[in-house]
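**Q** Structure in structure tokens, see below.
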Amino acid sequence: MAGKIVGIDLGTTNSVVSIVEGGEPIVIPSSEGDYLFPSVVGFSKTGERLIGSVAKRQAVSNPDRTVLSIKRYMGTDHKVQIDDKQYTPQEISAMILQKIKADAEAYLGFPVEQAVITVPAYFSDSERQATKDAGTIAGLEVVRIINEPTASCMAYDKNREGEKSSDDVETVLIWDLGGGTFDVSIVEVGGGLVEVKATAGNSRLGGDDWDQRIMDWLIEEFKGKYNIDLRSDRLAMQRLKEASENAKIQLSTETKVRVNLPFIAADATGPKHLDMELTRVKFQELTADLIKKCEEPALRAIEDSGLNIHQINKVLLVGGSTRMPAVQDKVRSLFNKEPSREIDPDKVVAMGAAIQGAILVGEVKDMVLLDVTSLSLGIETVGGVFTKLIERNSHIPCSKTRIFTTAADGQTVVEVHCLQGERELAAHNKSLGRFELRNIPPAPRGVPQIEVTFDLDANGIVNVSAKDMATGNKQKITIQSPTNLSREEIDSMVKDAAIYAEEDGRRREESTIRNKANIEIDTAEHTMRDLGERMTPEHRSALRDATDRLRTSMQAFDLPKISADTKTLQDLLFSISTDAYYALETGRVGADQAKAQAAEAPAEEEPDDADLFGWFNKEE
Ligand code: ADP
Ligand code: MG
């Protein structure tokens, strides 16, 4: 049967494949009869390649030759070394996709050639490209890469079809707690539209951490009892890890569980067996801080979306770890509502991908998808300040234009340095590229108008252009992969921004104050030079004094004094240039008008930061 597209949730821990049959998404089981395909690849000592649940099972005895969580490395140059061969993350992912393809074909009875694959909303171009490449390596045509939260919403929206009018718009928070990652997305669903409003998360928080807590507890208890530290025995550790995950899963439905690992260790007195009981109460006590950690990204996503917690209509639980009662309790208490669990949290993403596939072949009614940028885009302006044009969480595609100006008199070149990030100072953000706009007609600072435009297209490609309004001169640059950052980098950039917001703010203020002072000193010197003999000796010495004082306070880093001295110098320049103009009008002094105007400029209100940004003069 041709023209069918499967949907694949290529997860960090587990992958799932789905297809729409008779208008409804169904999940395709693996050849082992399980609907989860562990995203694990093992290489046996005899050269055999093991994929999925068999690989997960042998991870216990073959830890060195087992590859877990390869998704974390997609789009990076990380390599997996097995014997004398190196594998890229794409190749490892392709092995998982190959098994999925083969198992699906066996189950469906027809070739599977096309797929929609999901990726986290924060995945960059290169991570998406790597995912697509993995599909290609596995012999799949990846017809579309879609965001996991978008997929979840599509499955959810499809599920409630007929139940509500399709024009009802709901704000849904997707709480996706998987094996190693926690992703929160705020999505608007309704009227056939799925729009991701904001995303946040913790790339180092997932079910594995809950397993680890059980493991640590078992190890400590065992040590207390037998004085044997299991941590030094790698095989014992692998068994403990598996047992811990099983115990955790059981505790989602049972109130207590027995952990039984015979022959886990031995000493002079003979073999030792681990046999312990863990209650759900104890388990929840051991992991309370992990539950608490989920709060921050959830609240941050809400804040980024510009909404408040009461505007969240629905909380959708996605990911295997949301089966834990404590997670559901947390969601209940945080949002004061019952989380929605209408769709299996393990299957929902793959089902959404299958629906997207069905939309593409016309089997399901159309839905439009809109996505958002994960980091702000802007340029560096005078004083090393980062000035944003496109704010993070803006819709893609989008375009923003702002007018900038020169920072110095006679400046004929501006450098457009494009950056991405959340910090206030350019140096702390990621540089995307730079270009110069030359041949600006010499004019007093603040006079030239340079229009800078950022265009972000649907594929996430950024075009930046700068145009001198007077001459129409234009320069532009195309930046590929603007978000070529890892999730860690994005996360830490967002986190740093919060931590350093205060410090950056202070430095930004300092830089603004010092910059203004420099401009006044510069103007004073120009004025003295330009007016020459036409300036009275009293004015000249007053101007010298004022500039010297300002220089001294700048050297002393005394911010309030710099501001005060700048103001004094500015006032002085104002009265001097007024006199010069008066002299001009009365014809007493034939000063060059343009130069007088340049001297007069500081008398004007300093332009509002929001409208006018200057560049350093490259030629200085
Ligand atoms: P990913 O999206 O990272 O691939 P999944 O959504 O498949 O991950 O979630 C896997 C995690 O869910 C694992 O840590 C697994 O132990 C956990 N998990 C699965 N079922 C349960 C359950 N019933 N109770 C608690 N945790 C579970
Ligand atoms: Mg997942």
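Starting from 1 in every chain, residues are counted up; chains themselves are A, B, ... following the order of the structure tokens, and ligands are numbered from 1 as listed.
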Can you pull out every residue within 7 Å of segment 22-26 of chain A, counting only C-alpha atoms, but drop anything in the same chain fewer than 6 positions away, and send it as number ranges by chain?
**A** A: 351, 354-355, 364
**Q** Could those selected residues go to a file with C-alpha atoms, as an mmCIF file, in the first residue's frame?
**A**
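Writing the result to selection33.cif gives the following:
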```cif
data_model
loop_
_atom_site.group_PDB
_atom_site.id
_atom_site.type_symbol
_atom_site.label_atom_id
_atom_site.label_comp_id
_atom_site.auth_asym_id
_atom_site.auth_seq_id
_atom_site.Cartn_x
_atom_site.Cartn_y
_atom_site.Cartn_z
ATOM 1 C CA MET A 351 0.275 9.404 17.387
ATOM 2 C CA ALA A 354 1.125 9.885 12.451
ATOM 3 C CA ILE A 355 -1.723 12.408 12.256
ATOM 4 C CA VAL A 364 -6.947 13.918 7.846
#
```
**Q** Taking only residues of chain A that have an atom at most 9 Å from an atom of ligand 2, what is each one's shortest atom pair and its distance in Å to one decimal, using only C-alpha atoms and all ligand atoms, in chain and number order, as CSV?
**A**
```
residue,atom,partner,partner_atom_place_in_ligand_line,distance
A:Asp9,CA,ligand 2,1 (Mg),6.9
A:Leu10,CA,ligand 2,1 (Mg),7.5
A:Gly11,CA,ligand 2,1 (Mg),4.8
A:Thr12,CA,ligand 2,1 (Mg),6.7
A:Thr13,CA,ligand 2,1 (Mg),7.4
A:Asn14,CA,ligand 2,1 (Mg),7.1
A:Ser15,CA,ligand 2,1 (Mg),7.6
A:Val119,CA,ligand 2,1 (Mg),8.8
A:Pro120,CA,ligand 2,1 (Mg),8.3
A:Glu148,CA,ligand 2,1 (Mg),7.6
A:Asp176,CA,ligand 2,1 (Mg),6.9
A:Leu177,CA,ligand 2,1 (Mg),7.4
A:Gly178,CA,ligand 2,1 (Mg),5.3
A:Gly179,CA,ligand 2,1 (Mg),7.7
A:Thr181,CA,ligand 2,1 (Mg),8.1
A:Phe182,CA,ligand 2,1 (Mg),8.9
A:Asp183,CA,ligand 2,1 (Mg),8.8
A:Val318,CA,ligand 2,1 (Mg),7.3
A:Gly319,CA,ligand 2,1 (Mg),5.3
A:Gly320,CA,ligand 2,1 (Mg),7.9
A:Pro345,CA,ligand 2,1 (Mg),8.9
A:Asp346,CA,ligand 2,1 (Mg),7.4
A:Val349,CA,ligand 2,1 (Mg),7.2
```
**Q** Take the residues from that selection and write them out as a short mmCIF file (atom, residue, chain, number, x, y, z; two decimals), in the first residue's frame, keeping all heavy atoms.
**A**
```cif
data_model
loop_
_atom_site.label_atom_id
_atom_site.label_comp_id
_atom_site.auth_asym_id
_atom_site.auth_seq_id
_atom_site.Cartn_x
_atom_site.Cartn_y
_atom_site.Cartn_z
N ASP A 9 8.18 8.88 17.04
CA ASP A 9 8.68 9.65 18.19
C ASP A 9 10.05 9.05 18.50
O ASP A 9 10.14 7.98 19.09
CB ASP A 9 7.71 9.50 19.37
CG ASP A 9 8.29 10.00 20.69
OD1 ASP A 9 9.36 10.63 20.69
OD2 ASP A 9 7.64 9.75 21.74
N LEU A 10 11.10 9.72 18.04
CA LEU A 10 12.46 9.21 18.24
C LEU A 10 12.95 9.78 19.58
O LEU A 10 13.53 10.86 19.63
CB LEU A 10 13.34 9.66 17.06
CG LEU A 10 14.76 9.11 16.96
CD1 LEU A 10 14.78 7.59 16.86
CD2 LEU A 10 15.47 9.72 15.75
N GLY A 11 12.68 9.05 20.66
CA GLY A 11 12.94 9.58 22.00
C GLY A 11 14.34 9.34 22.52
O GLY A 11 15.09 8.53 21.96
N THR A 12 14.69 10.04 23.59
CA THR A 12 15.99 9.87 24.23
C THR A 12 16.10 8.48 24.84
O THR A 12 17.13 7.81 24.76
CB THR A 12 16.18 10.92 25.35
OG1 THR A 12 15.87 12.19 24.83
CG2 THR A 12 17.60 10.92 25.89
N THR A 13 14.99 8.04 25.45
CA THR A 13 14.97 6.76 26.15
C THR A 13 14.24 5.69 25.34
O THR A 13 14.70 4.57 25.21
CB THR A 13 14.28 6.93 27.52
OG1 THR A 13 14.65 8.18 28.06
CG2 THR A 13 14.67 5.83 28.47
N ASN A 14 13.07 6.08 24.83
CA ASN A 14 12.24 5.15 24.07
C ASN A 14 11.72 5.81 22.80
O ASN A 14 11.47 7.02 22.79
CB ASN A 14 11.02 4.74 24.90
CG ASN A 14 11.40 3.95 26.14
OD1 ASN A 14 12.03 2.91 26.05
ND2 ASN A 14 11.04 4.47 27.30
N SER A 15 11.53 4.99 21.77
CA SER A 15 10.92 5.48 20.54
C SER A 15 9.61 4.74 20.32
O SER A 15 9.43 3.61 20.81
CB SER A 15 11.86 5.26 19.36
OG SER A 15 13.04 6.00 19.57
N VAL A 119 10.81 16.03 17.01
CA VAL A 119 11.99 16.48 17.76
C VAL A 119 11.53 17.47 18.82
O VAL A 119 10.45 18.05 18.69
CB VAL A 119 13.03 17.19 16.83
CG1 VAL A 119 13.62 16.24 15.81
CG2 VAL A 119 12.43 18.42 16.16
N PRO A 120 12.32 17.68 19.88
CA PRO A 120 11.94 18.68 20.87
C PRO A 120 11.81 20.06 20.21
O PRO A 120 12.53 20.34 19.24
CB PRO A 120 13.10 18.66 21.86
CG PRO A 120 13.73 17.33 21.71
CD PRO A 120 13.58 16.99 20.25
N GLU A 148 7.72 17.94 19.15
CA GLU A 148 7.01 17.00 20.01
C GLU A 148 5.74 17.59 20.65
O GLU A 148 4.69 16.96 20.62
CB GLU A 148 7.96 16.46 21.08
CG GLU A 148 8.98 15.48 20.48
CD GLU A 148 10.21 15.25 21.35
OE1 GLU A 148 10.20 15.66 22.53
OE2 GLU A 148 11.18 14.67 20.84
N ASP A 176 6.07 17.25 29.73
CA ASP A 176 6.67 16.04 29.17
C ASP A 176 7.89 15.62 30.00
O ASP A 176 8.97 16.19 29.86
CB ASP A 176 7.05 16.31 27.70
CG ASP A 176 7.61 15.05 27.01
OD1 ASP A 176 7.91 14.06 27.71
OD2 ASP A 176 7.77 15.09 25.78
N LEU A 177 7.66 14.65 30.85
CA LEU A 177 8.75 14.14 31.68
C LEU A 177 9.11 12.75 31.18
O LEU A 177 8.36 11.79 31.36
CB LEU A 177 8.32 14.13 33.16
CG LEU A 177 9.40 13.80 34.19
CD1 LEU A 177 10.56 14.79 34.16
CD2 LEU A 177 8.80 13.75 35.59
N GLY A 178 10.26 12.66 30.52
CA GLY A 178 10.70 11.39 29.93
C GLY A 178 11.73 10.70 30.79
O GLY A 178 11.69 10.79 32.01
N GLY A 179 12.68 10.03 30.13
CA GLY A 179 13.71 9.29 30.86
C GLY A 179 14.84 10.17 31.35
O GLY A 179 15.40 9.94 32.42
N THR A 181 14.91 13.84 30.27
CA THR A 181 14.64 15.26 30.02
C THR A 181 13.23 15.65 30.46
O THR A 181 12.32 14.82 30.48
CB THR A 181 14.76 15.58 28.51
OG1 THR A 181 13.87 14.72 27.80
CG2 THR A 181 16.17 15.41 28.01
N PHE A 182 13.10 16.90 30.81
CA PHE A 182 11.80 17.46 31.17
C PHE A 182 11.54 18.66 30.26
O PHE A 182 12.34 19.59 30.23
CB PHE A 182 11.81 17.89 32.64
CG PHE A 182 10.52 18.54 33.09
CD1 PHE A 182 9.29 18.00 32.76
CD2 PHE A 182 10.54 19.69 33.86
CE1 PHE A 182 8.10 18.59 33.18
CE2 PHE A 182 9.36 20.30 34.30
CZ PHE A 182 8.14 19.74 33.96
N ASP A 183 10.49 18.60 29.49
CA ASP A 183 10.17 19.68 28.56
C ASP A 183 8.77 20.21 28.83
O ASP A 183 7.82 19.44 28.91
CB ASP A 183 10.20 19.17 27.11
CG ASP A 183 11.59 18.68 26.72
OD1 ASP A 183 12.56 19.37 27.07
OD2 ASP A 183 11.69 17.62 26.09
N VAL A 318 2.68 14.04 29.26
CA VAL A 318 3.36 13.29 28.21
C VAL A 318 4.64 12.70 28.82
O VAL A 318 5.23 13.30 29.71
CB VAL A 318 3.72 14.21 27.01
CG1 VAL A 318 4.50 13.46 25.94
CG2 VAL A 318 2.45 14.82 26.41
N GLY A 319 5.06 11.54 28.33
CA GLY A 319 6.30 10.92 28.81
C GLY A 319 6.01 9.91 29.91
O GLY A 319 5.13 10.11 30.75
N GLY A 320 6.77 8.82 29.89
CA GLY A 320 6.55 7.71 30.80
C GLY A 320 6.57 8.09 32.28
O GLY A 320 5.83 7.53 33.09
N PRO A 345 0.44 8.54 27.82
CA PRO A 345 1.57 9.48 27.76
C PRO A 345 2.77 8.97 26.97
O PRO A 345 3.59 9.75 26.51
CB PRO A 345 1.94 9.69 29.23
CG PRO A 345 1.38 8.52 29.96
CD PRO A 345 0.15 8.12 29.20
N ASP A 346 2.86 7.65 26.80
CA ASP A 346 3.97 7.09 26.03
C ASP A 346 3.73 7.20 24.53
O ASP A 346 4.67 7.21 23.75
CB ASP A 346 4.12 5.58 26.34
CG ASP A 346 4.76 5.36 27.69
OD1 ASP A 346 5.67 6.12 28.05
OD2 ASP A 346 4.34 4.41 28.38
N VAL A 349 2.93 11.36 21.45
CA VAL A 349 3.79 12.08 20.51
C VAL A 349 3.81 11.37 19.15
O VAL A 349 3.61 11.99 18.09
CB VAL A 349 5.22 12.26 21.07
CG1 VAL A 349 6.16 12.84 20.03
CG2 VAL A 349 5.20 13.14 22.32
#
```
**Q** For the alpha helix (DSSP H) assignment from backbone DSSP, which residues of segment 328-400 of chain A qualify? Please present them as a PyMOL selection string.
**A** chain A and resi 328-335+348-360
**Q** Need to verify the contact set: Gln328 of chain A, 10 Å, only C-alpha atoms, exclusion of same-chain residues closer than 2 positions in sequence. Can you return it as a ChimeraX atom specification?
**A** /A:291,317,321-326,330-334,338-341
**Q** Thr287 of chain A: which residues within 7 Å, counting only C-alpha atoms, same-chain residues fewer than 4 positions away excluded, as a PyMOL selection string?
**A** chain A and resi 210+213+283+291
**Q** Between A:Leu205, A:Leu218, A:Val54, A:Ala130, which has the minimum distance to ligand 1 (counting only C-alpha atoms and all ligand atoms)?
**A**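 For ligand 1, the nearest of the candidates is A:Leu205.
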**Q** With distances taken over only C-alpha atoms and all ligand atoms, which residue among A:Ser31, A:Gln86, A:Thr118, A:Ser305 lies nearest ligand 1?
**A**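 Looking only at the distances to ligand 1, the closest residue turns out to be A:Thr118.
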**Q** What's the separation between atom CA of Arg540 of chain A and atom CA of Ala564 of chain A, in Å to one decimal place?
**A** 19.8 Å
**Q** Determine, counting only C-alpha atoms, which protein, DNA and RNA residues have an atom within 10 Å of an atom of Gln58 of chain A; residues of the same chain fewer than 5 positions away are not included. Present the result as a list in words.
**A**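 Using only C-alpha atoms, the neighbours found are Val41, Gly42, Phe43, Ser44, Leu50, Ser53, Pro63, Arg65, Thr66 and Gln238 of chain A.
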**Q** Between atom CA of Gly207 of chain A and atom CA of Phe335 of chain A, measure the distance and give it in Å to one decimal.
**A**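 Between these atoms lies a distance of 21.8 Å.
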**Q** Choose the residue, out of A:Gly433, A:Gly206, A:Gly3, A:Gly384, that has the smallest atom-to-atom separation from ligand 1; count only C-alpha atoms and all ligand atoms.
**A** A:Gly206
**Q** Check the smallest atom-to-atom distance from each of A:Ser124, A:Gln411, A:Thr76, A:Asn202 to ligand 1 using only C-alpha atoms and all ligand atoms, then report the winner.
**A** A:Asn202
**Q** Applying 6 Å and only C-alpha atoms, which residues near segment 451-458 of chain A remain after dropping the ones on its own chain fewer than 5 positions away? List them as a PyMOL selection string.
**A** chain A and resi 396-403+463-467
**Q** Between A:Asp579, A:Glu436, A:Glu170, A:Glu242, which is the closest to ligand 1 once you count only C-alpha atoms and all ligand atoms?
**A**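 Distance minimum relative to ligand 1 lands on A:Glu242.
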**Q** Pick out the closest residue to ligand 1 from this set: A:Leu193, A:Met154, A:Val348, A:Val112. Count only C-alpha atoms and all ligand atoms.
**A**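 So, comparing all the options, the nearest one is A:Val348.
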**Q** Please, what distance in Å, to one decimal, runs between atom CA of Ala407 of chain A and atom CA of Arg445 of chain A?
**A** 5.3 Å
